[in-house]
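Chemist: If you scroll down you'll find the structure; I have some questions about it.
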Amino acid sequence: TDLNIRTYEHTDVEDVIRVWEECGLIRSWNNPNLDIQRKVNTQKDLFFVGELASKIIATAMFGYEGHRGWLNYLAVLPQFQKRGFGKRLLQFGETKLIERDCPKLNLQIRTDNKEAINFYKAVGYTEDEAISFGKRLIED
């Protein structure tokens, strides 16, 4: 079966959070409901879900601020991984960014997430010579 990719809708919230939970993406310092609300308030048109038989099995949040694109929460339910769905969703988002003249897509991966590192290497991503810094501005 083929993956149907569409823009996130407010009725998807529980299914999206379930995907993130099953994929181990939720952390205590990130409130998933707030992450979704913030994305919906900023470039909702770059927040995608992937469906099989009308069931959400994948998610991806893309963004573009005029200099670089960013990717967060690319996730495919474990039982549907290694079937090309993640790659398809990633390529879909890349195309949407290219349509906006986005020159480069960045993403961050936790150093212990070897499966994700291997996935991105397999689809043509390379490790940048950069250190990621962050500062929490709002405590969730």
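Numbering starts fresh at 1 for the residues of each chain in the structure tokens, the chains themselves are lettered A, B, ... in the order given, and ligands are numbered from 1 as they appear.
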For segment 89-91 of chain A, work out the shell of residues within 8 Å, counting only C-alpha atoms and skipping chain neighbours fewer than 6 positions away, then give it as a PyMOL selection string.

Modeler: chain A and resi 5+50+58-60+74

Chemist: If you measure from atom CA of Tyr120 of chain A to atom CA of Ala75 of chain A, what distance in Å do you get, rounded to one decimal?

Modeler: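 Taking atom CA of Tyr120 of chain A and atom CA of Ala75 of chain A, their separation equals 12.4 Å.
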
Chemist: Nearest to Asn106 of chain A among A:Trp70, A:Phe92, A:Phe80, A:Tyr125, with distances taken over only C-alpha atoms: which residue is it?

Modeler: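 For Asn106 of chain A, the nearest of the given residues is A:Trp70.
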
Chemist: List the spatial neighbours of Gly63 of chain A as an MDAnalysis selection string - criterion: any atom at most 7 Å away, only C-alpha atoms, same-chain residues fewer than 3 positions off excluded.

Modeler: chainID A and resid 43 46 69:71

Chemist: To test your reading of the structure, identify every residue in segment 11-62 of chain A that backbone DSSP assigns to strand (DSSP E), and report it as number ranges by chain.

Modeler: A: 47-52, 55-62

Chemist: In terms of the shortest atom-to-atom distance over only C-alpha atoms, which of A:Ser132, A:Leu3, A:Asn118, A:Ile98 is closest to Val76 of chain A?

Modeler: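 Ranked by minimum distance to Val76 of chain A, first place goes to A:Leu3.
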
Chemist: Name the residues of chain A that come out as helix (DSSP H, G or I) in a backbone DSSP run; write them as a PyMOL selection string.

Modeler: chain A and resi 10-22+32-41+44-46+78-80+85-98+114-122

Chemist: If you count only C-alpha atoms, which residues fall within 6 Å of Glu51 of chain A, apart from same-chain ones fewer than 5 positions away, as a count of residues only?

Modeler: 4

Chemist: When you look at segment 18-30 of chain A with a cut-off of 12 Å (counting only C-alpha atoms), what residues show up, excluding the ones that are within fewer than 2 positions of it in the same chain? I need them as a PyMOL selection string.

Modeler: chain A and resi 12-16+32-36+38+49-51+55-61+72-81+109-110+113+115-116+136-140

Chemist: For Lys121 of chain A, which residue out of A:Lys87, A:Phe133, A:Phe62, A:Glu99 is the nearest one, using only C-alpha atoms?

Modeler: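 Nearest to Lys121 of chain A: A:Lys87.
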
Chemist: To one decimal in Å, tell me the separation between atom CA of Leu105 of chain A and atom CA of Glu127 of chain A.

Modeler: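 Separation between atom CA of Leu105 of chain A and atom CA of Glu127 of chain A: 12.0 Å.
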
Chemist: Nearest residue to Ile131 of chain A out of A:Thr111, A:Arg83, A:Phe48, A:Arg100, using only C-alpha atoms?

Modeler: A:Thr111
